[in-house]
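**Student:** File follows, work21.txt with compact mmCIF, C-alpha atoms and all ligand atoms:
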# COMPACT_ATOMS: atom_id res chain seq x y z
CA MET J 101 38.23 118.04 117.88
CA SER J 102 40.43 118.89 120.83
CA PRO J 103 39.04 119.09 124.41
CA HIS J 104 39.65 122.89 124.39
CA GLN J 105 37.60 123.26 121.22
CA LYS J 106 34.82 121.10 122.69
CA ASN J 107 34.88 123.28 125.86
CA GLU J 108 34.67 126.46 123.79
CA ILE J 109 31.64 125.20 121.83
CA THR J 110 30.00 124.09 125.09
CA SER J 111 30.68 127.56 126.60
CA LEU J 112 29.23 129.29 123.50
CA LEU J 113 26.12 127.10 123.61
CA GLY J 114 25.85 127.81 127.37
CA ILE J 115 26.05 131.58 126.77
CA ILE J 116 23.39 131.35 124.06
CA ALA J 117 21.15 129.22 126.29
CA ALA J 118 21.63 131.47 129.38
CA SER J 119 21.02 134.71 127.40
CA ALA J 120 17.91 133.12 125.77
CA LEU J 121 16.63 132.15 129.23
CA ILE J 122 17.24 135.59 130.76
CA GLY J 123 15.81 137.22 127.58
CA ALA J 124 12.67 135.03 127.92
CA LEU J 125 12.15 136.36 131.47
CA PHE J 126 12.04 139.92 130.04
CA ASN J 127 10.31 138.80 126.89
CA GLN J 128 13.41 139.95 124.91
CA THR J 129 14.94 136.61 123.90
CA PHE J 130 16.45 137.77 120.56
CA LEU J 131 17.80 140.98 122.01
CA PHE J 132 19.59 139.13 124.85
CA VAL J 133 20.88 136.37 122.56
CA GLY J 134 22.00 139.04 120.04
CA LEU J 135 23.77 141.04 122.77
CA ALA J 136 25.48 137.90 124.10
CA LEU J 137 26.67 136.91 120.59
CA PHE J 138 27.86 140.47 119.91
CA THR J 139 29.85 140.48 123.17
CA TYR J 140 31.30 137.05 122.25
CA ILE J 141 32.30 138.27 118.77
CA VAL J 142 33.90 141.45 120.25
CA PHE J 143 35.87 139.25 122.70
CA MET J 144 36.97 136.97 119.86
CA LEU J 145 37.95 139.86 117.59
CA ARG J 146 39.86 141.61 120.38
CA ASN J 147 41.96 138.52 121.01
CA ALA J 148 42.40 137.88 117.26
CA PHE J 149 43.73 141.47 116.90
CA LYS J 150 46.02 140.95 119.90
CA LEU J 151 47.35 137.82 118.23
CA GLN J 152 47.88 139.61 114.92
CA ASP J 153 49.67 142.49 116.71
CA TRP J 154 51.94 140.01 118.45
CA LEU J 155 52.62 138.15 115.21
CA THR J 156 53.60 141.33 113.39
CA GLU J 157 55.66 142.73 116.26
CA ARG J 158 57.41 139.70 117.68
CA LYS J 159 59.30 141.69 120.26
CA LYS J 160 56.17 142.20 122.36
CA ASP J 161 55.34 139.79 125.15
CA LEU J 162 52.55 137.32 124.40
CA PRO J 163 49.13 138.85 125.27
CA ASP J 164 47.09 137.61 128.25
CA ALA J 165 43.63 136.15 127.81
CA TRP J 166 41.39 133.67 129.48
CA GLY J 167 39.43 130.68 128.25
CA TYR J 168 40.01 129.37 124.74
CA TRP J 169 42.31 132.27 123.72
CA GLY J 170 44.26 131.80 126.93
CA GLU J 171 44.95 128.24 125.80
CA ILE J 172 46.00 129.40 122.32
CA PHE J 173 48.41 132.00 123.78
CA ASN J 174 49.74 129.43 126.21
CA GLU J 175 50.52 127.01 123.41
CA LEU J 176 52.16 129.76 121.41
CA HIS J 177 54.22 130.60 124.47
CA ILE J 178 55.41 126.96 124.72
CA LEU J 179 56.22 126.99 120.99
CA GLU J 180 58.19 130.23 121.38
CA LYS J 181 60.16 128.80 124.27
CA LYS J 182 60.99 125.68 122.24
CA LYS J 183 62.08 127.79 119.27
CA PHE J 184 64.26 129.98 121.51
CA LYS J 185 65.91 126.89 122.95
CA GLN J 186 66.54 125.47 119.46
CA GLN J 187 67.98 128.79 118.30
CA LYS J 188 70.30 128.83 121.28
CA LEU J 189 71.45 125.27 120.53
CA LEU J 190 71.93 126.20 116.87
CA SER J 191 73.97 129.28 117.68
CA VAL J 192 76.13 127.24 120.09
CA ALA J 193 76.65 124.62 117.36
CA LEU J 194 77.42 127.35 114.81
CA SER J 195 79.94 129.09 117.05
CA ARG J 196 81.52 125.70 117.80
CA PHE J 197 81.80 124.99 114.06
CA LYS J 198 83.32 128.42 113.46
CA LYS J 199 85.80 127.96 116.30
CA ALA J 200 86.78 124.51 114.96
CA ALA J 201 87.11 125.82 111.41
CA GLU J 202 89.16 128.78 112.67
CA ALA J 203 91.51 126.42 114.48
CA LEU J 204 91.98 124.20 111.40
CA PRO J 205 95.47 124.21 109.93
CA ASP J 206 93.80 124.31 106.50
CA GLY J 207 92.05 127.24 104.92
CA VAL J 208 88.25 127.04 104.62
CA VAL J 209 86.00 129.27 102.49
CA ILE J 210 82.21 128.86 102.38
CA LEU J 211 80.50 129.95 99.18
CA SER J 212 76.80 130.45 98.57
CA GLN J 213 75.12 129.07 95.44
CA HIS J 214 76.49 131.73 93.04
CA ASN J 215 80.08 131.34 94.31
CA VAL J 216 79.65 134.32 96.59
CA ILE J 217 81.91 134.37 99.67
CA GLU J 218 79.94 133.80 102.87
CA TRP J 219 82.61 132.94 105.40
CA VAL J 220 86.40 132.60 105.45
CA ASN J 221 88.65 131.25 108.19
CA PRO J 222 91.87 133.12 109.09
CA VAL J 223 94.16 130.54 107.36
CA ALA J 224 92.25 130.92 104.06
CA SER J 225 92.36 134.71 104.50
CA SER J 226 96.13 134.72 104.61
CA LEU J 227 96.68 131.96 102.02
CA LEU J 228 94.26 133.37 99.44
CA GLY J 229 94.63 137.06 100.28
CA ILE J 230 90.90 137.42 101.05
CA ASN J 231 89.96 140.13 103.55
CA TYR J 232 87.21 138.80 105.72
CA PRO J 233 84.60 140.18 106.52
CA GLN J 234 85.24 143.04 104.03
CA ASP J 235 85.22 140.66 101.03
CA ALA J 236 82.13 138.73 102.15
CA GLY J 237 79.48 139.07 99.41
CA GLN J 238 82.10 139.19 96.61
CA LYS J 239 82.32 136.45 93.99
CA ILE J 240 85.33 134.21 94.65
CA ASN J 241 86.33 134.22 90.94
CA ASN J 242 86.79 138.02 91.14
CA LEU J 243 89.39 137.53 93.86
CA ILE J 244 91.18 134.35 92.74
CA ARG J 245 91.87 134.90 89.08
CA HIS J 246 94.29 132.07 88.35
CA PRO J 247 93.06 130.34 85.14
CA SER J 248 93.27 126.83 86.64
CA PHE J 249 91.03 127.91 89.54
CA GLN J 250 88.54 129.59 87.17
CA ARG J 251 88.39 126.40 85.08
CA TYR J 252 88.02 124.23 88.20
CA LEU J 253 85.15 126.37 89.49
CA THR J 254 83.23 126.43 86.21
CA LYS J 255 83.78 122.78 85.24
CA ASN J 256 81.86 121.62 88.32
CA LYS J 257 84.02 118.49 88.69
CA PHE J 258 85.37 118.55 92.19
CA SER J 259 86.50 114.96 92.80
CA LYS J 260 90.17 115.98 92.51
CA SER J 261 92.11 118.85 94.03
CA ILE J 262 94.11 121.39 92.04
CA THR J 263 97.56 122.85 92.66
CA LEU J 264 98.28 126.48 91.93
CA PRO J 265 100.64 129.30 92.97
CA ALA J 266 99.44 131.32 96.00
CA PRO J 267 97.58 134.45 94.74
CA ASP J 268 99.75 136.89 96.71
CA ASN J 269 103.07 135.00 96.61
CA ALA J 270 103.86 133.02 93.49
CA ASP J 271 106.79 131.29 95.28
CA ASN J 272 104.32 129.40 97.45
CA THR J 273 102.25 126.50 96.17
CA LEU J 274 98.68 125.82 97.29
CA THR J 275 96.44 122.83 96.87
CA MET J 276 92.70 123.47 96.70
CA GLN J 277 89.67 121.21 96.79
CA ILE J 278 86.04 122.22 96.44
CA ILE J 279 83.44 120.21 98.32
CA PRO J 280 79.80 120.84 97.36
CA PHE J 281 77.33 120.78 100.27
CA GLY J 282 73.81 121.91 101.29
CA TYR J 283 71.76 123.58 98.55
CA LYS J 284 74.31 124.36 95.80
CA GLN J 285 76.74 125.66 98.40
CA LYS J 286 80.48 124.98 98.24
CA MET J 287 83.28 124.68 100.71
CA ILE J 288 86.85 125.34 99.54
CA PHE J 289 89.67 123.63 101.43
CA CYS J 290 93.12 125.02 100.75
CA ARG J 291 96.57 124.18 102.11
CA ASP J 292 100.10 125.51 101.67
CA ILE J 293 102.14 122.67 100.17
CA SER J 294 105.25 124.75 99.36
CA HIS J 295 107.41 122.59 101.63
CA ILE J 296 106.21 119.39 99.90
CA SER J 297 106.86 120.78 96.42
CA LYS J 298 110.26 122.05 97.59
CA LEU J 299 111.05 118.58 98.96
CA GLU J 300 109.95 117.05 95.68
CA GLU J 301 112.16 119.53 93.81
CA MET J 302 115.07 118.70 96.14
CA ARG J 303 114.53 114.98 95.56
CA THR J 304 114.54 115.43 91.77
CA ASN J 305 117.65 117.65 91.95
CA PHE J 306 119.35 115.13 94.22
CA VAL J 307 118.70 112.23 91.84
CA SER J 308 119.93 114.24 88.85
CA ASN J 309 123.03 115.40 90.82
CA VAL J 310 123.92 111.85 91.85
CA SER J 311 123.43 110.62 88.27
CA HIS J 312 125.59 113.46 87.01
CA GLU J 313 128.35 112.70 89.56
CA MET J 314 128.29 109.00 88.61
CA ARG J 315 128.16 109.58 84.88
CA SER J 316 131.65 111.03 84.35
CA PRO J 317 133.68 108.32 86.15
CA LEU J 318 131.52 105.65 84.51
CA THR J 319 132.10 107.22 81.09
CA VAL J 320 135.88 107.16 81.64
CA LEU J 321 135.82 103.54 82.86
CA SER J 322 133.60 102.25 80.08
CA GLY J 323 135.63 104.24 77.50
CA TYR J 324 138.87 102.50 78.55
CA LEU J 325 137.22 99.08 78.74
CA GLU J 326 135.74 99.51 75.27
CA MET J 327 139.14 100.57 73.94
CA PHE J 328 140.87 97.56 75.53
CA SER J 329 138.28 95.10 74.29
CA ASP J 330 138.75 96.34 70.71
CA LYS J 331 142.53 96.53 70.85
CA PRO J 332 144.44 95.03 73.79
CA PRO J 333 147.13 97.56 74.89
CA LYS J 334 150.70 96.95 73.83
CA ASP J 335 152.39 100.02 75.25
CA LYS J 336 153.01 99.29 78.94
CA LYS J 337 153.40 102.97 79.91
CA ASN J 338 150.05 103.98 78.40
CA PHE J 339 148.44 100.91 79.88
CA LYS J 340 149.64 101.91 83.36
CA LEU J 341 148.32 105.45 82.84
CA ALA J 342 144.97 104.04 81.82
CA ILE J 343 144.84 101.70 84.81
CA ASP J 344 145.75 104.60 87.17
CA ASN J 345 143.02 106.73 85.68
CA MET J 346 140.49 103.93 85.98
CA TYR J 347 141.50 103.43 89.58
CA GLN J 348 141.06 107.17 90.31
CA GLN J 349 137.57 107.08 88.80
CA ALA J 350 136.63 103.96 90.73
CA MET J 351 137.87 105.61 93.94
CA ARG J 352 135.81 108.70 93.11
CA MET J 353 132.68 106.58 92.80
CA GLN J 354 133.53 104.77 95.99
CA ARG J 355 133.92 108.07 97.89
CA LEU J 356 130.60 109.25 96.50
CA VAL J 357 128.84 106.06 97.58
CA THR J 358 130.48 106.22 101.04
CA ASP J 359 129.34 109.84 101.51
CA LEU J 360 125.84 109.07 100.28
CA LEU J 361 125.60 106.15 102.69
CA ALA J 362 126.87 108.32 105.57
CA LEU J 363 124.18 110.92 104.84
CA SER J 364 121.47 108.33 104.44
CA LYS J 365 122.48 106.64 107.71
CA MET J 366 122.21 109.92 109.59
CA GLU J 367 118.85 110.63 107.99
CA THR J 368 117.37 107.27 108.84
CA THR J 369 118.82 106.33 112.23
CA PRO J 370 117.69 107.90 115.49
CA VAL J 371 120.21 109.95 117.45
CA GLU J 372 121.80 107.71 120.10
CA HIS J 373 124.48 109.72 121.79
CA THR J 374 125.39 108.10 125.04
CA LYS J 375 129.07 107.28 124.48
CA SER J 376 131.80 109.53 125.79
CA ILE J 377 134.23 110.33 122.96
CA ASN J 378 137.78 111.38 123.65
CA ILE J 379 138.06 114.24 121.19
CA SER J 380 141.72 114.97 121.80
CA THR J 381 142.73 111.39 120.85
CA LEU J 382 140.44 111.46 117.83
CA LEU J 383 141.97 114.74 116.61
CA THR J 384 145.53 113.44 117.07
CA THR J 385 144.73 110.53 114.74
CA LEU J 386 143.04 112.84 112.24
CA LYS J 387 146.04 115.20 112.26
CA GLU J 388 148.36 112.26 111.47
CA ASN J 389 146.06 111.20 108.63
CA ALA J 390 146.05 114.78 107.32
CA GLU J 391 149.84 114.84 107.28
CA VAL J 392 149.86 111.68 105.17
CA LEU J 393 147.11 113.00 102.88
CA GLY J 394 148.93 116.29 102.23
CA GLN J 395 152.52 115.09 102.36
CA ASP J 396 153.25 116.33 98.84
CA LYS J 397 152.15 119.83 99.77
CA HIS J 398 154.40 120.22 102.83
CA HIS J 399 151.71 121.89 104.97
CA LYS J 400 152.44 123.11 108.45
CA ILE J 401 149.70 121.42 110.46
CA SER J 402 149.32 122.23 114.17
CA LEU J 403 146.94 120.84 116.76
CA GLN J 404 146.03 122.33 120.11
CA ALA J 405 143.49 120.23 121.96
CA ASP J 406 142.18 120.51 125.52
CA GLU J 407 142.34 116.95 126.83
CA GLN J 408 139.82 117.70 129.57
CA ILE J 409 136.87 118.23 127.24
CA ASN J 410 135.18 115.15 125.92
CA LEU J 411 131.87 114.93 124.13
CA ARG J 412 128.89 112.66 124.49
CA GLY J 413 128.11 111.52 120.98
CA ASN J 414 128.44 109.10 118.11
CA ASN J 415 132.05 108.22 117.31
CA ASP J 416 131.52 107.64 113.55
CA GLU J 417 129.59 110.87 113.10
CA LEU J 418 132.10 112.99 115.04
CA HIS J 419 134.98 111.31 113.19
CA SER J 420 133.33 112.07 109.86
CA LEU J 421 132.56 115.69 110.92
CA PHE J 422 136.13 116.54 112.02
CA ALA J 423 137.77 114.53 109.21
CA ASN J 424 135.77 116.32 106.51
CA LEU J 425 136.76 119.77 107.80
CA ILE J 426 140.45 118.86 108.27
CA ASN J 427 140.65 117.07 104.90
CA ASN J 428 139.00 120.04 103.14
CA ALA J 429 141.68 122.32 104.59
CA VAL J 430 144.38 119.92 103.35
CA ARG J 431 142.78 119.56 99.90
CA TYR J 432 142.22 123.27 99.30
CA THR J 433 145.33 124.77 100.93
CA PRO J 434 148.20 125.06 98.45
CA GLU J 435 151.80 123.95 99.05
CA ASN J 436 153.56 125.19 102.20
CA GLY J 437 150.31 126.53 103.60
CA THR J 438 149.44 126.40 107.29
CA ILE J 439 146.54 124.58 108.91
CA SER J 440 145.71 125.08 112.60
CA ILE J 441 143.38 122.69 114.35
CA SER J 442 142.10 123.52 117.82
CA TRP J 443 139.73 122.10 120.40
CA GLN J 444 139.03 124.37 123.35
CA LYS J 445 136.41 125.55 125.80
CA ILE J 446 135.29 129.16 125.65
CA ASN J 447 132.58 130.24 128.10
CA ASP J 448 129.96 127.47 128.07
CA GLU J 449 130.86 125.99 124.71
CA ALA J 450 133.43 123.61 123.29
CA ILE J 451 134.80 124.86 119.99
CA PHE J 452 136.50 122.84 117.28
CA SER J 453 138.10 124.96 114.57
CA VAL J 454 140.20 124.48 111.49
CA ILE J 455 141.95 127.56 110.18
CA ASP J 456 143.77 127.50 106.86
CA ASN J 457 145.49 130.12 104.72
CA GLY J 458 144.20 128.59 101.50
CA PRO J 459 142.29 130.25 98.63
CA GLY J 460 139.30 131.34 100.75
CA ILE J 461 135.68 131.41 99.61
CA ALA J 462 133.73 134.32 98.08
CA PRO J 463 130.94 135.57 100.42
CA GLN J 464 128.09 134.72 98.05
CA HIS J 465 128.96 131.00 98.27
CA ILE J 466 129.19 130.76 102.07
CA PRO J 467 125.44 130.39 102.86
CA HIS J 468 125.18 127.54 100.31
CA LEU J 469 128.27 125.48 101.16
CA THR J 470 126.37 122.95 103.28
CA GLU J 471 123.90 122.18 100.46
CA ARG J 472 124.44 118.81 98.84
CA PHE J 473 126.72 118.98 95.78
CA TYR J 474 127.26 122.72 96.16
CA ARG J 475 130.79 123.69 95.18
CA ALA J 476 132.31 127.15 95.32
CA ASP J 477 135.00 126.02 92.90
CA ALA J 478 133.85 122.91 91.04
CA ASP J 479 137.12 122.29 89.16
CA ARG J 480 139.28 122.53 92.28
CA SER J 481 136.82 120.29 94.17
CA ARG J 482 136.86 117.52 91.52
CA GLU J 483 140.61 117.80 90.97
CA SER J 484 141.15 117.15 94.67
CA GLY J 485 138.71 114.24 94.72
CA GLY J 486 135.76 116.07 96.29
CA THR J 487 132.26 114.67 96.21
CA GLY J 488 130.48 117.94 97.07
CA LEU J 489 128.88 116.20 100.06
CA GLY J 490 131.48 116.83 102.79
CA LEU J 491 129.96 119.95 104.32
CA ALA J 492 126.43 118.52 104.02
CA ILE J 493 127.63 115.61 106.19
CA VAL J 494 129.30 118.08 108.59
CA LYS J 495 126.09 120.07 108.96
CA TYR J 496 124.00 116.96 109.58
CA ALA J 497 126.44 115.49 112.09
CA ILE J 498 126.83 118.73 114.02
CA GLU J 499 123.07 119.27 114.26
CA ARG J 500 122.71 115.74 115.62
CA HIS J 501 125.11 116.80 118.37
CA ASP J 502 123.13 119.98 119.17
CA GLY J 503 125.93 122.12 117.80
CA ARG J 504 126.29 124.73 115.09
CA LEU J 505 128.74 125.45 112.27
CA GLU J 506 130.19 128.87 111.53
CA ILE J 507 132.21 129.65 108.41
CA GLN J 508 134.40 132.72 108.04
CA SER J 509 136.43 133.18 104.91
CA THR J 510 138.21 135.84 102.89
CA LEU J 511 139.10 135.28 99.25
CA GLY J 512 142.84 134.92 98.86
CA LYS J 513 143.47 134.80 102.62
CA GLY J 514 141.97 131.60 103.96
CA SER J 515 139.05 130.09 105.80
CA THR J 516 137.98 129.25 109.35
CA PHE J 517 135.44 126.51 109.96
CA SER J 518 134.25 126.42 113.60
CA CYS J 519 131.91 123.94 115.29
CA TYR J 520 130.29 124.97 118.59
CA PHE J 521 129.04 122.33 121.04
CA PRO J 522 126.88 123.22 124.06
CA SER J 523 127.96 122.28 127.61
CA GLN J 524 125.16 119.67 127.94
CA ARG J 525 127.15 117.63 125.40
CA PHE J 526 130.27 117.56 127.60
CA SER J 527 131.22 114.30 129.26
CA THR J 528 133.92 113.23 131.66
P1 LIG W 601 133.87 119.08 98.22
O1 LIG W 601 133.86 117.62 98.17
O2 LIG W 601 133.60 119.72 96.88
O3 LIG W 601 135.03 119.65 98.92
P2 LIG W 601 132.37 120.05 100.48
O4 LIG W 601 130.93 119.94 100.78
O5 LIG W 601 133.33 119.47 101.45
O6 LIG W 601 132.56 119.45 99.03
O7 LIG W 601 132.69 121.58 100.32
C1 LIG W 601 131.86 122.39 99.54
C2 LIG W 601 132.66 123.48 98.85
O8 LIG W 601 133.19 124.38 99.81
C3 LIG W 601 133.89 122.95 98.15
O9 LIG W 601 133.58 122.54 96.84
C4 LIG W 601 134.81 124.15 98.15
O10 LIG W 601 134.51 124.98 97.05
C5 LIG W 601 134.44 124.88 99.42
N1 LIG W 601 135.37 124.63 100.53
C6 LIG W 601 135.23 123.76 101.56
N2 LIG W 601 136.28 123.84 102.41
C7 LIG W 601 137.10 124.76 101.91
C8 LIG W 601 138.35 125.32 102.33
N3 LIG W 601 138.96 124.92 103.44
N4 LIG W 601 138.91 126.27 101.56
C9 LIG W 601 138.32 126.71 100.44
N5 LIG W 601 137.14 126.23 99.97
C10 LIG W 601 136.54 125.28 100.70
Please, can you express the file's structure as structure tokens?
**Tutor:**
Amino acid sequence: MSPHQKNEITSLLGIIAASALIGALFNQTFLFVGLALFTYIVFMLRNAFKLQDWLTERKKDLPDAWGYWGEIFNELHILEKKKFKQQKLLSVALSRFKKAAEALPDGVVILSQHNVIEWVNPVASSLLGINYPQDAGQKINNLIRHPSFQRYLTKNKFSKSITLPAPDNADNTLTMQIIPFGYKQKMIFCRDISHISKLEEMRTNFVSNVSHEMRSPLTVLSGYLEMFSDKPPKDKKNFKLAIDNMYQQAMRMQRLVTDLLALSKMETTPVEHTKSINISTLLTTLKENAEVLGQDKHHKISLQADEQINLRGNNDELHSLFANLINNAVRYTPENGTISISWQKINDEAIFSVIDNGPGIAPQHIPHLTERFYRADADRSRESGGTGLGLAIVKYAIERHDGRLEIQSTLGKGSTFSCYFPSQRFST
């Protein structure tokens, strides 16, 4: 028994004893004791009713009382204060959790035990097309109807994630994982992995493109070798033709490997561009090379280069960039065509351009030309020894020098490839 309870019993006994004593003085002991007990019961009932009123209408302040009831109300008051404090802490923790979940780069959906949506963060809203709070209270399987999600939800095996097309944009790919928590509640984590699946697709395409590019020269080479091993050649003229062809195919493979290595080097090495490159000298050499490369076609090749503008950059990358554009012009421009190479400063930029009056390129191909192995005219490209990687190398190299590539072309009239370099790349 608590001290308060002992006090209350002592007080009650005291009241009974005092009323009995006073009653004895007036010879009315029972009446006085009865009156005292009645008053005590009324006091008790009044406070019990006050307590019940307070319990049913929590908004009211706690009632006042003295003695034993005063103690009870006081303890209730302390309990209330504690509860209020805990609620405050809980609501702070909850709002912190919501803020953190809202800031997550992943989508989060909280489901109650019957897969009913309770809460959705903004990322999940946009990825899954759920309107929150309007859709709160709806079953998730009514909103995400993809069969693989429905199966995942009903199978109740959530150790692995699933991949599915985004509900409102089938071009995007999502990964989803359900994590059970609390009492039969679930949390769905979802993430847009479109870029990863696109990368994976690119990787697969790249491998199949490289294999395809390698296959035809290898087929020619192995065909000749097989033929020679069966029957050594007697006719010298045919033998020479075969050797020339084999040499061409070997060169084609070599060019492909060189281009692949150039791309891979740029992808894997950090940009270190501290050297000053004399562009005018570099272009003079490249023009001479172009004249040798296209000597059978009798091109008119001109070069106008501003000797004052040099670039800070990587010599190999810039060489490869300019050489690819000049060599393309030589390879695609027919006999007696003209090719103008220029290097000049306009406003705040240095511009390298190659203008040819070759076959030109149809507009639908232009946005794709810098993709690996993309060819506007595959036959012409292969005939002239192209690997389909030249403009991909150009794009990479120019981006590593903070520049940009612009292509203008008209079918039947010719093409202009221009590279723009910002002034912060200039060097003395
Ligand atoms: P390729 O080795 O096939 O030349 P590139 O990446 O250098 O590969 O060029 C991609 C495609 O762009 C070429 O296949 C060709 O169709 C087109 N192209 C590039 N330069 C020219 C040009 N000067 N004139 C016409 N077409 C061009």
**Student:** Pick out the residues sitting within 8 Å of range 299-313 of chain J, and hand them over as an mmCIF file with C-alpha atoms, keeping the file's coordinate frame; count all atoms listed in the file, and ignore anything fewer than 4 positions along from it in its own chain.
**Tutor:**
data_model
loop_
_atom_site.group_PDB
_atom_site.id
_atom_site.type_symbol
_atom_site.label_atom_id
_atom_site.label_comp_id
_atom_site.auth_asym_id
_atom_site.auth_seq_id
_atom_site.Cartn_x
_atom_site.Cartn_y
_atom_site.Cartn_z
ATOM 1 C CA HIS J 295 107.410 122.590 101.630
ATOM 2 C CA PRO J 317 133.680 108.320 86.150
ATOM 3 C CA ARG J 472 124.440 118.810 98.840
ATOM 4 C CA PHE J 473 126.720 118.980 95.780
ATOM 5 C CA THR J 487 132.260 114.670 96.210
#
**Student:** By how many Å are CA of Ser509 in chain J and CA of Tyr432 in chain J apart?
**Tutor:**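 So the two atoms, CA of Ser509 in chain J and CA of Tyr432 in chain J, lie 12.8 Å apart.
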**Student:** Give as a ChimeraX atom specification the residues surrounding ligand LIG 601 (chain W) up to a distance of 7 Å, considering all atoms listed in the file.
**Tutor:** /J:424-425,428-429,432-433,456,458-461,469-470,472-478,481-482,485-492,514-515
**Student:** Between J:His419, J:Arg315, J:Arg146, J:Lys239, which one has atoms that come closest to Thr385 in chain J, using only C-alpha atoms?
**Tutor:**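 Looking at the shortest contact to Thr385 in chain J, the residue is J:His419.
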**Student:** In the coordinate frame of the file, compute which residues have an atom within 12 Å of (55.0, 137.1, 127.0) when using only C-alpha atoms, and state them as a PyMOL selection string.
**Tutor:** chain J and resi 151+154+158-165+170+173-181
**Student:** Kindly complete range 341-353 of chain J to N, CA, C and O atoms; the output should be written as a CSV table (one decimal), in the coordinates of the input.
**Tutor:**
chain,number,residue,atom,x,y,z
J,341,LEU,N,149.0,104.2,82.7
J,341,LEU,CA,148.3,105.4,82.8
J,341,LEU,C,146.8,105.2,82.9
J,341,LEU,O,146.1,105.8,83.7
J,342,ALA,N,146.4,104.3,81.9
J,342,ALA,CA,145.0,104.0,81.8
J,342,ALA,C,144.5,103.4,83.1
J,342,ALA,O,143.4,103.7,83.6
J,343,ILE,N,145.2,102.4,83.6
J,343,ILE,CA,144.8,101.7,84.8
J,343,ILE,C,144.8,102.7,86.0
J,343,ILE,O,143.8,102.7,86.8
J,344,ASP,N,145.8,103.6,86.1
J,344,ASP,CA,145.8,104.6,87.2
J,344,ASP,C,144.5,105.5,87.1
J,344,ASP,O,143.8,105.7,88.1
J,345,ASN,N,144.2,105.9,85.9
J,345,ASN,CA,143.0,106.7,85.7
J,345,ASN,C,141.7,106.0,86.1
J,345,ASN,O,140.9,106.5,86.7
J,346,MET,N,141.7,104.7,85.6
J,346,MET,CA,140.5,103.9,86.0
J,346,MET,C,140.4,103.8,87.5
J,346,MET,O,139.3,103.9,88.1
J,347,TYR,N,141.5,103.6,88.1
J,347,TYR,CA,141.5,103.4,89.6
J,347,TYR,C,141.0,104.7,90.3
J,347,TYR,O,140.2,104.7,91.2
J,348,GLN,N,141.5,105.9,89.8
J,348,GLN,CA,141.1,107.2,90.3
J,348,GLN,C,139.5,107.3,90.2
J,348,GLN,O,138.9,107.7,91.2
J,349,GLN,N,139.0,106.9,89.0
J,349,GLN,CA,137.6,107.1,88.8
J,349,GLN,C,136.8,106.1,89.7
J,349,GLN,O,135.7,106.5,90.2
J,350,ALA,N,137.3,104.9,89.9
J,350,ALA,CA,136.6,104.0,90.7
J,350,ALA,C,136.6,104.5,92.2
J,350,ALA,O,135.6,104.4,92.9
J,351,MET,N,137.8,105.1,92.6
J,351,MET,CA,137.9,105.6,93.9
J,351,MET,C,136.9,106.8,94.1
J,351,MET,O,136.2,106.9,95.1
J,352,ARG,N,136.7,107.6,93.1
J,352,ARG,CA,135.8,108.7,93.1
J,352,ARG,C,134.4,108.2,93.3
J,352,ARG,O,133.6,108.7,94.2
J,353,MET,N,134.0,107.1,92.6
J,353,MET,CA,132.7,106.6,92.8
J,353,MET,C,132.5,106.0,94.2
J,353,MET,O,131.5,106.1,94.8
